[in-house]
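> Handing over protein_33.cif, mmCIF, C-alpha atoms (C1' of nucleotides).
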data_protein
#
loop_
_atom_site.label_atom_id
_atom_site.label_comp_id
_atom_site.auth_asym_id
_atom_site.auth_seq_id
_atom_site.Cartn_x
_atom_site.Cartn_y
_atom_site.Cartn_z
CA MET A 179 85.13 90.39 129.02
CA THR A 180 81.59 91.23 127.90
CA THR A 181 80.90 89.27 124.78
CA THR A 182 77.96 91.11 123.34
CA THR A 183 76.69 94.49 124.47
CA GLY A 184 78.68 97.20 126.18
CA SER A 185 77.34 97.88 129.63
CA THR A 186 78.44 101.45 130.21
CA ALA A 187 77.23 103.33 127.14
CA PRO A 188 73.73 102.62 125.81
CA GLU A 189 73.29 106.17 124.44
CA GLU A 190 71.45 107.21 121.28
CA SER A 191 73.56 105.21 118.86
CA SER A 192 71.66 101.96 118.67
CA ASP A 193 68.39 103.22 117.26
CA GLU A 194 70.24 104.70 114.28
CA LEU A 195 71.68 101.34 113.26
CA PRO A 196 69.90 98.58 111.36
CA ALA A 197 68.37 96.02 113.71
CA GLY A 198 70.59 93.18 114.80
CA LEU A 199 73.77 94.83 113.61
CA GLY A 200 74.60 97.22 116.43
CA ASP A 201 75.98 94.38 118.50
CA ASP A 202 77.62 92.50 115.65
CA PHE A 203 81.32 93.16 116.19
CA GLY A 204 82.30 91.93 112.74
CA TRP A 205 79.82 94.13 110.98
CA LEU A 206 80.75 97.17 113.06
CA LEU A 207 84.41 96.67 112.21
CA ALA A 208 83.72 96.15 108.53
CA ARG A 209 81.50 99.23 108.47
CA ALA A 210 84.20 101.35 110.06
CA VAL A 211 86.75 100.12 107.54
CA ARG A 212 84.42 100.88 104.65
CA ALA A 213 83.82 104.35 106.04
CA TYR A 214 87.55 105.00 106.34
CA LEU A 215 88.31 103.50 102.93
CA GLY A 216 85.63 105.61 101.32
CA ALA A 217 86.79 108.80 102.97
CA ALA A 218 90.44 108.10 102.13
CA ALA A 219 89.75 107.06 98.55
CA ASP A 220 90.63 110.32 96.84
CA VAL A 221 93.65 110.91 99.08
CA THR A 222 95.33 107.70 98.02
CA GLU A 223 93.92 107.24 94.53
CA ASP A 224 97.07 108.48 92.82
CA LEU A 225 99.40 106.66 95.21
CA PRO A 226 100.72 103.32 93.95
CA GLY A 227 99.19 100.59 96.09
CA GLY A 228 96.64 102.90 97.66
CA LEU A 229 96.36 102.74 101.44
CA ARG A 230 98.63 99.73 101.63
CA GLY A 231 101.22 101.67 99.70
CA HIS A 232 100.97 104.37 102.31
CA GLN A 233 101.36 101.86 105.12
CA LEU A 234 104.42 100.30 103.57
CA LEU A 235 105.92 103.69 102.83
CA ARG A 236 105.29 104.72 106.41
CA ALA A 237 106.86 101.60 107.89
CA VAL A 238 109.90 101.97 105.67
CA ALA A 239 110.31 105.69 106.35
CA ARG A 240 110.66 104.95 110.07
CA GLY A 241 113.74 102.93 109.19
CA CYS A 242 112.20 99.75 110.47
CA PRO A 243 112.41 96.11 109.38
CA ALA A 244 113.72 96.85 105.86
CA THR A 245 113.83 93.44 104.17
CA GLN A 246 110.75 92.60 102.18
CA LEU A 247 110.00 89.48 104.17
CA ALA A 248 110.29 91.37 107.44
CA LEU A 249 108.00 94.05 106.04
CA ALA A 250 105.47 91.43 105.01
CA SER A 251 105.36 89.90 108.46
CA ALA A 252 105.32 93.25 110.25
CA LEU A 253 102.54 94.67 108.10
CA GLY A 254 100.62 91.42 107.88
CA PHE A 255 100.75 91.42 104.07
CA ASP A 256 101.52 88.47 101.85
CA ARG A 257 105.14 88.52 100.67
CA THR A 258 104.04 88.60 97.02
CA VAL A 259 101.95 91.67 97.78
CA VAL A 260 105.06 93.35 99.16
CA THR A 261 106.85 92.66 95.90
CA TYR A 262 104.08 94.35 93.94
CA LEU A 263 103.86 97.28 96.32
CA VAL A 264 107.60 97.88 96.31
CA ASP A 265 107.63 97.53 92.52
CA ASP A 266 105.04 100.24 92.11
CA LEU A 267 106.42 102.55 94.79
CA GLU A 268 109.89 102.18 93.31
CA LYS A 269 108.64 103.05 89.83
CA ALA A 270 107.09 106.16 91.34
CA GLY A 271 110.45 107.02 92.89
CA LEU A 272 109.16 106.86 96.47
CA VAL A 273 111.22 103.91 97.72
CA GLU A 274 114.34 102.09 96.55
CA ARG A 275 115.72 98.58 96.85
CA LEU A 276 119.24 98.44 98.25
CA LEU A 277 121.34 95.33 97.93
CA ASP A 278 122.61 93.94 101.18
CA PRO A 279 126.32 93.12 100.79
CA ALA A 280 126.13 90.63 103.67
CA ASP A 281 123.38 88.53 102.06
CA ARG A 282 122.81 89.05 98.39
CA ARG A 283 119.39 87.41 98.49
CA VAL A 284 117.75 90.17 100.49
CA ARG A 285 116.68 93.65 99.42
CA GLN A 286 116.73 96.44 101.97
CA VAL A 287 113.84 98.75 101.17
CA SER A 288 114.22 102.40 102.08
CA ALA A 289 112.30 105.59 101.42
CA THR A 290 113.70 108.17 99.04
CA ALA A 291 113.63 111.89 99.78
CA ALA A 292 110.64 112.16 97.47
CA GLY A 293 109.02 109.32 99.36
CA ARG A 294 109.43 111.05 102.68
CA LYS A 295 108.02 114.26 101.30
CA ARG A 296 105.06 112.45 99.81
CA LEU A 297 104.52 110.60 103.06
CA ALA A 298 104.35 113.83 105.03
CA ALA A 299 101.71 115.18 102.67
CA LEU A 300 99.73 111.94 102.85
CA ASP A 301 99.87 111.87 106.63
CA ARG A 302 98.55 115.39 106.75
CA ARG A 303 95.61 114.61 104.51
CA LEU A 304 94.86 111.27 106.17
CA ALA A 305 94.76 112.94 109.58
CA LYS A 306 91.88 115.00 108.20
CA VAL A 307 90.18 111.87 106.91
CA GLN A 308 90.52 110.32 110.33
CA GLU A 309 89.00 113.38 111.93
CA GLN A 310 86.10 113.18 109.53
CA VAL A 311 85.43 109.50 110.19
CA LEU A 312 85.70 110.01 113.95
CA ALA A 313 83.63 113.18 113.90
CA GLY A 314 80.85 111.65 115.99
CA LEU A 315 83.18 110.63 118.83
CA SER A 316 84.30 112.45 121.94
CA THR A 317 88.00 112.86 122.68
CA GLU A 318 87.80 110.11 125.28
CA GLU A 319 86.11 107.78 122.82
CA VAL A 320 88.82 108.45 120.24
CA ASP A 321 91.54 107.71 122.76
CA GLY A 322 89.77 104.57 123.91
CA LEU A 323 89.26 103.39 120.36
CA THR A 324 92.90 103.90 119.44
CA ALA A 325 94.11 102.12 122.56
CA ALA A 326 91.77 99.21 121.95
CA LEU A 327 92.78 98.88 118.32
CA ARG A 328 96.43 98.93 119.31
CA ALA A 329 95.84 96.16 121.81
CA ILE A 330 94.08 94.07 119.16
CA ALA A 331 96.88 94.70 116.69
CA CYS A 332 99.41 93.67 119.32
CA THR A 333 97.62 90.41 120.04
CA ALA A 334 97.31 89.68 116.34
CA THR A 335 100.92 90.59 115.58
CA ARG A 336 102.21 88.53 118.46
CA ALA A 337 100.13 85.54 117.34
CA ALA A 338 101.46 85.81 113.79
CA GLN A 339 105.13 86.16 114.68
CA PRO A 340 106.54 85.34 118.14
CA ASP A 341 109.44 87.81 118.11
CA ASP A 342 110.46 91.06 116.37
CA ALA A 343 108.27 93.89 115.08
CA CYS A 344 111.17 96.34 114.91
CA MET B 682 89.62 115.42 118.60
CA THR B 683 93.16 114.16 118.83
CA THR B 684 94.28 113.32 115.35
CA THR B 685 97.29 111.15 115.99
CA THR B 686 98.25 109.64 119.31
CA GLY B 687 95.95 108.90 122.19
CA SER B 688 96.86 110.95 125.22
CA THR B 689 95.56 108.81 128.06
CA ALA B 690 97.02 105.37 127.38
CA PRO B 691 100.66 105.11 126.40
CA GLU B 692 101.11 101.65 128.02
CA GLU B 693 103.13 98.70 126.73
CA SER B 694 101.32 98.30 123.45
CA SER B 695 103.33 100.54 121.15
CA ASP B 696 106.68 98.77 121.40
CA GLU B 697 105.07 95.56 120.19
CA LEU B 698 103.88 97.10 116.94
CA PRO B 699 105.94 97.74 113.81
CA ALA B 700 107.33 101.26 113.76
CA GLY B 701 105.14 103.91 112.25
CA LEU B 702 102.02 101.79 112.29
CA GLY B 703 100.83 102.12 115.87
CA ASP B 704 99.36 105.51 115.13
CA ASP B 705 98.07 104.71 111.65
CA PHE B 706 94.34 104.51 112.15
CA GLY B 707 93.73 102.86 108.79
CA TRP B 708 96.29 100.16 109.40
CA LEU B 709 95.03 99.49 112.92
CA LEU B 710 91.50 99.09 111.62
CA ALA B 711 92.57 96.83 108.77
CA ARG B 712 94.65 94.73 111.16
CA ALA B 713 91.72 94.29 113.52
CA VAL B 714 89.49 93.23 110.65
CA ARG B 715 92.06 90.72 109.42
CA ALA B 716 92.38 89.32 112.92
CA TYR B 717 88.61 88.94 113.22
CA LEU B 718 88.25 87.50 109.72
CA GLY B 719 90.97 84.98 110.36
CA ALA B 720 89.51 83.91 113.69
CA ALA B 721 86.00 83.66 112.25
CA ALA B 722 87.07 81.83 109.09
CA ASP B 723 86.22 78.31 110.16
CA VAL B 724 82.99 79.39 111.85
CA THR B 725 81.54 80.78 108.63
CA GLU B 726 83.30 78.65 106.04
CA ASP B 727 80.28 76.41 105.45
CA LEU B 728 77.81 79.29 105.57
CA PRO B 729 76.74 80.65 102.16
CA GLY B 730 78.18 84.14 101.83
CA GLY B 731 80.48 83.76 104.80
CA LEU B 732 80.39 86.61 107.32
CA ARG B 733 78.21 88.73 105.05
CA GLY B 734 75.76 85.89 104.89
CA HIS B 735 75.64 85.92 108.66
CA GLN B 736 75.11 89.65 108.75
CA LEU B 737 72.25 89.51 106.27
CA LEU B 738 70.70 86.56 108.06
CA ARG B 739 70.94 88.43 111.32
CA ALA B 740 69.37 91.61 109.96
CA VAL B 741 66.54 89.62 108.40
CA ALA B 742 65.92 87.52 111.51
CA ARG B 743 65.24 90.68 113.50
CA GLY B 744 62.34 91.31 111.14
CA CYS B 745 63.88 94.50 109.90
CA PRO B 746 63.93 96.26 106.52
CA ALA B 747 62.93 93.16 104.48
CA THR B 748 63.12 94.32 100.86
CA GLN B 749 66.40 93.60 99.16
CA LEU B 750 67.07 97.22 98.38
CA ALA B 751 66.41 98.24 101.97
CA LEU B 752 68.73 95.47 103.15
CA ALA B 753 71.44 96.65 100.79
CA SER B 754 71.26 100.19 102.08
CA ALA B 755 71.01 99.15 105.73
CA LEU B 756 73.92 96.73 105.52
CA GLY B 757 75.99 98.92 103.22
CA PHE B 758 76.23 96.20 100.57
CA ASP B 759 75.77 96.61 96.86
CA ARG B 760 72.29 95.57 95.76
CA THR B 761 73.70 92.96 93.39
CA VAL B 762 75.57 91.43 96.31
CA VAL B 763 72.30 91.13 98.18
CA THR B 764 70.84 89.21 95.27
CA TYR B 765 73.72 86.72 95.38
CA LEU B 766 73.61 86.40 99.14
CA VAL B 767 69.86 85.83 99.23
CA ASP B 768 70.20 83.35 96.36
CA ASP B 769 72.71 81.27 98.27
CA LEU B 770 71.00 81.54 101.64
CA GLU B 771 67.70 80.60 100.03
CA LYS B 772 69.23 77.54 98.37
CA ALA B 773 70.53 76.53 101.80
CA GLY B 774 67.01 76.92 103.18
CA LEU B 775 67.96 79.65 105.64
CA VAL B 776 65.89 82.51 104.20
CA GLU B 777 62.97 82.80 101.79
CA ARG B 778 61.71 85.40 99.35
CA LEU B 779 58.08 86.37 99.89
CA LEU B 780 56.12 88.21 97.22
CA ASP B 781 54.64 91.48 98.35
CA PRO B 782 51.01 91.63 97.15
CA ALA B 783 51.06 95.43 97.41
CA ASP B 784 54.03 95.87 95.07
CA ARG B 785 54.91 92.90 92.94
CA ARG B 786 58.36 94.24 92.16
CA VAL B 787 59.72 93.78 95.65
CA ARG B 788 60.70 90.64 97.50
CA GLN B 789 60.31 90.52 101.25
CA VAL B 790 63.17 88.46 102.63
CA SER B 791 62.56 86.57 105.85
CA ALA B 792 64.43 83.96 107.85
CA THR B 793 63.15 80.39 107.94
CA ALA B 794 62.99 78.35 111.13
CA ALA B 795 66.19 76.63 110.03
CA GLY B 796 67.73 80.03 109.43
CA ARG B 797 66.93 81.21 112.94
CA LYS B 798 68.34 78.04 114.41
CA ARG B 799 71.50 78.35 112.35
CA LEU B 800 71.81 82.00 113.32
CA ALA B 801 71.65 81.16 117.02
CA ALA B 802 74.47 78.65 116.61
CA LEU B 803 76.53 81.12 114.60
CA ASP B 804 76.02 83.88 117.14
CA ARG B 805 77.20 81.57 119.89
CA ARG B 806 80.37 80.64 118.06
CA LEU B 807 81.07 84.16 116.89
CA ALA B 808 80.80 85.44 120.44
CA LYS B 809 83.71 83.14 121.24
CA VAL B 810 85.66 84.46 118.27
CA GLN B 811 85.05 87.99 119.48
CA GLU B 812 86.27 87.06 122.94
CA GLN B 813 89.40 85.59 121.42
CA VAL B 814 90.16 88.66 119.29
CA LEU B 815 89.50 90.99 122.23
CA ALA B 816 91.45 88.82 124.66
CA GLY B 817 94.08 91.50 125.29
CA LEU B 818 91.54 94.15 126.30
CA SER B 819 90.05 95.08 129.63
CA THR B 820 86.29 95.20 130.07
CA GLU B 821 86.37 98.98 129.90
CA GLU B 822 88.36 98.88 126.69
CA VAL B 823 85.88 96.46 125.13
CA ASP B 824 82.96 98.68 126.08
CA GLY B 825 84.75 101.75 124.81
CA LEU B 826 85.63 100.05 121.55
CA THR B 827 82.08 98.88 120.93
CA ALA B 828 80.65 102.29 121.70
CA ALA B 829 83.15 103.99 119.41
CA LEU B 830 82.51 101.57 116.56
CA ARG B 831 78.78 102.08 116.93
CA ALA B 832 79.24 105.82 116.74
CA ILE B 833 81.33 105.47 113.58
CA ALA B 834 78.77 103.13 112.04
CA CYS B 835 76.03 105.62 112.87
CA THR B 836 77.87 108.48 111.22
CA ALA B 837 78.56 106.34 108.17
CA THR B 838 75.01 105.02 107.94
CA ARG B 839 73.54 108.46 108.33
CA ALA B 840 75.83 109.82 105.62
CA ALA B 841 74.85 107.04 103.22
CA GLN B 842 71.10 107.30 103.74
CA PRO B 843 69.41 110.27 105.40
CA ASP B 844 66.40 108.42 106.83
CA ASP B 845 65.36 104.88 107.79
CA ALA B 846 67.55 102.06 109.19
CA CYS B 847 64.59 100.06 110.44
"C1'" DT C 400 59.66 107.45 83.20
"C1'" DA C 401 61.28 105.53 87.68
"C1'" DT C 402 62.08 101.55 90.65
"C1'" DT C 403 63.05 96.56 92.13
"C1'" DG C 404 65.48 92.93 91.19
"C1'" DT C 405 68.37 89.94 88.12
"C1'" DT C 406 72.07 88.70 85.09
"C1'" DA C 407 76.42 89.21 82.57
"C1'" DT C 408 80.73 91.14 82.55
"C1'" DA C 409 84.88 92.97 84.07
"C1'" DC C 410 87.99 94.50 87.41
"C1'" DT C 411 90.59 94.56 91.79
"C1'" DC C 412 92.68 92.11 95.56
"C1'" DT C 413 94.70 88.43 97.33
"C1'" DA C 414 96.51 83.84 97.65
"C1'" DT C 415 98.96 79.60 95.54
"C1'" DA C 416 102.40 77.54 93.28
"C1'" DA C 417 106.37 77.35 90.54
"C1'" DC C 418 110.56 79.53 89.52
"C1'" DT C 419 115.45 81.94 90.18
"C1'" DA C 420 119.18 83.30 93.02
"C1'" DT C 421 121.64 82.95 96.76
"C1'" DA C 422 122.99 80.75 101.29
"C1'" DT D 597 118.39 71.75 101.77
"C1'" DA D 598 116.48 76.23 103.15
"C1'" DT D 599 115.60 81.12 102.42
"C1'" DA D 600 114.57 85.86 99.79
"C1'" DG D 601 112.43 87.38 96.22
"C1'" DT D 602 109.93 87.14 91.75
"C1'" DT D 603 106.54 85.75 88.42
"C1'" DA D 604 102.37 83.46 86.60
"C1'" DT D 605 98.03 81.91 87.45
"C1'" DA D 606 93.79 81.43 89.48
"C1'" DG D 607 90.28 82.51 92.76
"C1'" DA D 608 87.25 85.34 95.68
"C1'" DG D 609 84.91 89.52 96.20
"C1'" DT D 610 83.02 93.48 94.29
"C1'" DA D 611 81.35 96.89 91.10
"C1'" DT D 612 79.26 98.31 86.39
"C1'" DA D 613 76.11 98.10 83.09
"C1'" DA D 614 72.42 96.16 80.56
"C1'" DC D 615 68.16 93.85 81.18
"C1'" DA D 616 63.15 92.33 82.69
"C1'" DA D 617 59.18 93.19 85.32
"C1'" DT D 618 56.32 96.30 87.59
"C1'" DA D 619 54.80 100.81 89.14
#
Now, as a test, write the supplied structure out as C-alpha cells.


Amino acid sequence: MTTTTGSTAPEESSDELPAGLGDDFGWLLARAVRAYLGAAADVTEDLPGGLRGHQLLRAVARGCPATQLALASALGFDRTVVTYLVDDLEKAGLVERLLDPADRRVRQVSATAAGRKRLAALDRRLAKVQEQVLAGLSTEEVDGLTAALRAIACTATRAAQPDDAC
Amino acid sequence: MTTTTGSTAPEESSDELPAGLGDDFGWLLARAVRAYLGAAADVTEDLPGGLRGHQLLRAVARGCPATQLALASALGFDRTVVTYLVDDLEKAGLVERLLDPADRRVRQVSATAAGRKRLAALDRRLAKVQEQVLAGLSTEEVDGLTAALRAIACTATRAAQPDDAC
DNA sequence: TATTGTTATACTCTATAACTATA
DNA sequence: TATAGTTATAGAGTATAACAATA
C-alpha cells in the first residue's frame, strides 16, 4: 500500500499539474469528478435529478432493491433525497411507485417503459462522455481505473451496510 | 477505449455492488469521493475551508502560482472561492497576502511558517485516510488508480487553461 | 478598456428534524 | 415502540453579477 506516489508510472503527467497537487488523492478525485460532471452537464440537464436521477433510474431499471430506503442505502443517498428524486422522475413519467400489498408502508419503485427507453438513450450518451473524459488513458489504464473504483465502492458500500446490495 | 466494463478484472467486486451501478463510471467516481470525504471529515473539520483549504495551502506551500487568479485556475476553483479561502486561512495565520510592487492589483499568496507546519500534520493524517479508503486495493491497483487520475486531471487542466500550471 | 480582487446576492445540494401512516 | 416515507427548514457550498482599484 503506497501512500503517496505511484512507483510504476512517473511518465509525463506530473509536470502538467499544479505543484503539490499531483500526489493529492483528494484533489485528483475531486478534479476527475468535476471533469465528468462538466462533460455530462448537457446530457443530464433536462433529466429530473441530473446525474443522480440517472443513477436511480439505472438501479431501478435493473429490478434491484426497489423500496426507497433500500435504494437510498444502495446508492448512498439520503432517504429524503430519494423521495425528491422519485417525485421528479415520477412526474416525468420515468418511474412509478407501486404499493406493496404485504406492507403498506413501503413503495416499490420501478421504471416505466418510457423510463427504460430514456435510460438507454442516456447510457449511450454518457458512454461518449466517459470516453471523452478518459481520452488521455490507455485501455489498460481504463480497466485498472474501473477495477480500482469498484473496489473502493465495494469497501465503502460494505462499511455503510453490512449485508444486501441486491 | 472500453466504454463500459473492464475486460481484465471481473473478480469478486461486482456482486457486492448494487445492480446497474458497478459499470456506471459517474456513480463509481462519486462514491469514491464520498468515501474519501467521509473518511477525511474529522481531519479537516477544524481547518478553514476544509479539504479545499488544504489543497490551496498545499499548492501555495510549494511556492507555485501565487496570485489568486492563478491559484483559481490551477486548482479549478472559482476565483471568488479563492478569496474566501484565503480570507479564512489568513485569519487562521496559515497564509498571508503579499503586495506585488510590480503590479499593485495582484496579491501574492504564500504560506506562513505555521501554515507549513499545519500542512505537514495534515498531509500525515490524510495519508492515513487515503490508506483507509484504498484498503481493499492491491499495490498495483493503487498505482494504476493514481496514474489514471493524474492523466484525467491533466486532460481536464489542459482543457481549462492552455498554458501554465506552474 | 481590460484585469485583479472583493463583496453582495441568489441558487443548488444536502442534511436535520418533525410529521404521518403503517407495522 | 419501530419503521417507511414525506415535508419543512436550515445550512453548506458554489456561482453570478456588480463593484473598487489598478493597469

> For the structure shown, which residues end up in the PyMOL selection byres ((chain A and resi 254) around 12)? Put them as a ChimeraX atom specification, please?

/A:230,233-234,237,246-253,255-260,331-332,334-339,343 /B:698-699,702,708-709,711-716,719

> Expand the PyMOL selection byres ((chain D) within 10 of (chain B)) into the individual residues it matches in the shown file, reporting them as a list in words.

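Evaluating the PyMOL selection byres ((chain D) within 10 of (chain B)) on this file yields DG609, DT610, DA611, DA617, DT618 and DA619 of chain D.
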
> Between CA of Ala783 (chain B) and C1' of DT400 (chain C), what is the spacing in Å?

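Between C1' of DT400 (chain C) and CA of Ala783 (chain B) the gap works out to 20.5 Å.
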
> Could I have chain B as a compact mmCIF listing (two decimals) with C-alpha atoms, in the frame of the given file after it is superimposed on chain A by least squares, pairing all C-alpha atoms in sequence order?


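Final output, out21.txt:
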# COMPACT_ATOMS: atom_id res chain seq x y z
CA MET B 682 84.94 90.39 128.98
CA THR B 683 81.45 91.29 127.90
CA THR B 684 80.71 89.33 124.79
CA THR B 685 77.74 91.17 123.38
CA THR B 686 76.53 94.57 124.50
CA GLY B 687 78.57 97.24 126.17
CA SER B 688 77.29 97.95 129.65
CA THR B 689 78.39 101.53 130.19
CA ALA B 690 77.14 103.38 127.12
CA PRO B 691 73.63 102.70 125.91
CA GLU B 692 73.16 106.25 124.50
CA GLU B 693 71.40 107.29 121.30
CA SER B 694 73.53 105.29 118.92
CA SER B 695 71.66 102.00 118.75
CA ASP B 696 68.38 103.27 117.33
CA GLU B 697 70.22 104.70 114.35
CA LEU B 698 71.66 101.35 113.32
CA PRO B 699 69.89 98.57 111.43
CA ALA B 700 68.37 96.03 113.78
CA GLY B 701 70.58 93.20 114.85
CA LEU B 702 73.77 94.83 113.66
CA GLY B 703 74.59 97.22 116.48
CA ASP B 704 75.99 94.39 118.54
CA ASP B 705 77.64 92.50 115.69
CA PHE B 706 81.31 93.16 116.25
CA GLY B 707 82.31 91.92 112.81
CA TRP B 708 79.81 94.13 111.05
CA LEU B 709 80.75 97.17 113.11
CA LEU B 710 84.40 96.66 112.27
CA ALA B 711 83.71 96.14 108.58
CA ARG B 712 81.49 99.23 108.52
CA ALA B 713 84.20 101.35 110.11
CA VAL B 714 86.73 100.12 107.59
CA ARG B 715 84.40 100.88 104.69
CA ALA B 716 83.80 104.35 106.07
CA TYR B 717 87.53 104.99 106.36
CA LEU B 718 88.29 103.49 102.95
CA GLY B 719 85.62 105.59 101.32
CA ALA B 720 86.79 108.78 102.99
CA ALA B 721 90.43 108.07 102.16
CA ALA B 722 89.75 107.03 98.56
CA ASP B 723 90.63 110.28 96.85
CA VAL B 724 93.64 110.88 99.11
CA THR B 725 95.33 107.66 98.02
CA GLU B 726 93.92 107.21 94.54
CA ASP B 727 97.07 108.47 92.81
CA LEU B 728 99.40 106.65 95.20
CA PRO B 729 100.74 103.31 93.92
CA GLY B 730 99.20 100.58 96.06
CA GLY B 731 96.64 102.88 97.62
CA LEU B 732 96.37 102.71 101.41
CA ARG B 733 98.67 99.70 101.57
CA GLY B 734 101.24 101.66 99.66
CA HIS B 735 100.99 104.35 102.29
CA GLN B 736 101.36 101.85 105.08
CA LEU B 737 104.45 100.28 103.55
CA LEU B 738 105.94 103.68 102.81
CA ARG B 739 105.31 104.71 106.38
CA ALA B 740 106.87 101.59 107.88
CA VAL B 741 109.92 101.97 105.64
CA ALA B 742 110.32 105.69 106.34
CA ARG B 743 110.68 104.95 110.05
CA GLY B 744 113.76 102.93 109.15
CA CYS B 745 112.22 99.76 110.43
CA PRO B 746 112.43 96.11 109.36
CA ALA B 747 113.74 96.85 105.82
CA THR B 748 113.86 93.43 104.14
CA GLN B 749 110.79 92.58 102.14
CA LEU B 750 110.05 89.47 104.13
CA ALA B 751 110.32 91.37 107.41
CA LEU B 752 108.01 94.04 106.01
CA ALA B 753 105.50 91.42 104.97
CA SER B 754 105.41 89.89 108.42
CA ALA B 755 105.35 93.24 110.21
CA LEU B 756 102.57 94.65 108.05
CA GLY B 757 100.65 91.40 107.84
CA PHE B 758 100.77 91.38 104.03
CA ASP B 759 101.57 88.45 101.81
CA ARG B 760 105.18 88.53 100.64
CA THR B 761 104.11 88.58 97.00
CA VAL B 762 102.03 91.66 97.74
CA VAL B 763 105.11 93.35 99.12
CA THR B 764 106.92 92.66 95.88
CA TYR B 765 104.15 94.35 93.89
CA LEU B 766 103.91 97.27 96.27
CA VAL B 767 107.65 97.89 96.28
CA ASP B 768 107.69 97.54 92.49
CA ASP B 769 105.09 100.25 92.07
CA LEU B 770 106.46 102.55 94.75
CA GLU B 771 109.93 102.19 93.28
CA LYS B 772 108.70 103.06 89.80
CA ALA B 773 107.11 106.17 91.31
CA GLY B 774 110.46 107.03 92.88
CA LEU B 775 109.17 106.86 96.45
CA VAL B 776 111.26 103.93 97.71
CA GLU B 777 114.38 102.12 96.53
CA ARG B 778 115.76 98.61 96.83
CA LEU B 779 119.28 98.47 98.25
CA LEU B 780 121.42 95.36 97.92
CA ASP B 781 122.65 93.96 101.19
CA PRO B 782 126.37 93.14 100.81
CA ALA B 783 126.14 90.69 103.71
CA ASP B 784 123.39 88.58 102.13
CA ARG B 785 122.84 89.08 98.45
CA ARG B 786 119.43 87.44 98.54
CA VAL B 787 117.76 90.21 100.49
CA ARG B 788 116.74 93.68 99.42
CA GLN B 789 116.77 96.47 101.95
CA VAL B 790 113.87 98.78 101.15
CA SER B 791 114.25 102.43 102.08
CA ALA B 792 112.30 105.60 101.40
CA THR B 793 113.71 108.20 99.03
CA ALA B 794 113.64 111.91 99.78
CA ALA B 795 110.63 112.19 97.48
CA GLY B 796 109.02 109.33 99.36
CA ARG B 797 109.43 111.06 102.70
CA LYS B 798 108.01 114.26 101.31
CA ARG B 799 105.06 112.43 99.80
CA LEU B 800 104.51 110.58 103.06
CA ALA B 801 104.35 113.83 105.03
CA ALA B 802 101.68 115.16 102.67
CA LEU B 803 99.73 111.91 102.86
CA ASP B 804 99.88 111.84 106.64
CA ARG B 805 98.53 115.37 106.77
CA ARG B 806 95.59 114.57 104.54
CA LEU B 807 94.87 111.26 106.19
CA ALA B 808 94.74 112.92 109.58
CA LYS B 809 91.87 114.98 108.20
CA VAL B 810 90.16 111.85 106.92
CA GLN B 811 90.51 110.29 110.34
CA GLU B 812 89.00 113.37 111.94
CA GLN B 813 86.09 113.17 109.54
CA VAL B 814 85.42 109.47 110.20
CA LEU B 815 85.70 109.99 113.97
CA ALA B 816 83.61 113.16 113.90
CA GLY B 817 80.83 111.64 116.00
CA LEU B 818 83.15 110.63 118.85
CA SER B 819 84.27 112.43 121.95
CA THR B 820 87.96 112.82 122.70
CA GLU B 821 87.75 110.07 125.29
CA GLU B 822 86.08 107.75 122.81
CA VAL B 823 88.80 108.42 120.24
CA ASP B 824 91.52 107.68 122.77
CA GLY B 825 89.74 104.56 123.92
CA LEU B 826 89.25 103.36 120.37
CA THR B 827 92.88 103.88 119.44
CA ALA B 828 94.09 102.12 122.56
CA ALA B 829 91.76 99.19 121.96
CA LEU B 830 92.77 98.86 118.32
CA ARG B 831 96.42 98.92 119.30
CA ALA B 832 95.83 96.16 121.80
CA ILE B 833 94.07 94.05 119.17
CA ALA B 834 96.86 94.68 116.68
CA CYS B 835 99.41 93.66 119.30
CA THR B 836 97.62 90.41 120.04
CA ALA B 837 97.31 89.68 116.33
CA THR B 838 100.92 90.58 115.56
CA ARG B 839 102.21 88.53 118.44
CA ALA B 840 100.13 85.55 117.33
CA ALA B 841 101.45 85.80 113.77
CA GLN B 842 105.12 86.14 114.68
CA PRO B 843 106.52 85.34 118.12
CA ASP B 844 109.45 87.78 118.06
CA ASP B 845 110.54 90.97 116.29
CA ALA B 846 108.34 93.85 115.02
CA CYS B 847 111.24 96.26 114.73

> Return the single residue from B:Asp804, B:Glu726, B:Glu812, B:Asp781 that is closest to chain C, with distances computed using all atoms listed in the file.

B:Asp781

> Would you work out the distance separating CA of Gly314 (chain A) from CA of Asp224 (chain A), expressed in Å to one decimal?

28.5 Å

> Can you tell me how far CA of Gly271 (chain A) sits from C1' of DA414 (chain C), in Å to one decimal?

27.5 Å

> Suppose a student applies the PyMOL selection byres ((chain C) within 9 of (chain B)) to this structure; what residues should they get, written as JSON, numbers by chain?

{"C": [402, 403, 404, 405]}

> Report, as AutoDock Vina command-line options, the axis-aligned box around all atoms of region 325-333 of chain A present in the file, extended by 6 Å on each side; give centre and edge lengths in Å to one decimal place.


--center_x 95.6 --center_y 96.3 --center_z 119.6 --size_x 19.6 --size_y 23.7 --size_z 17.9

> Give the answer as one residue: which of B:Val741, B:Val724, B:Lys772, B:Pro729 has the shortest atom-to-atom distance to chain A, using all atoms listed in the file?

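Closest residue, counting all atoms listed in the file: B:Val741.
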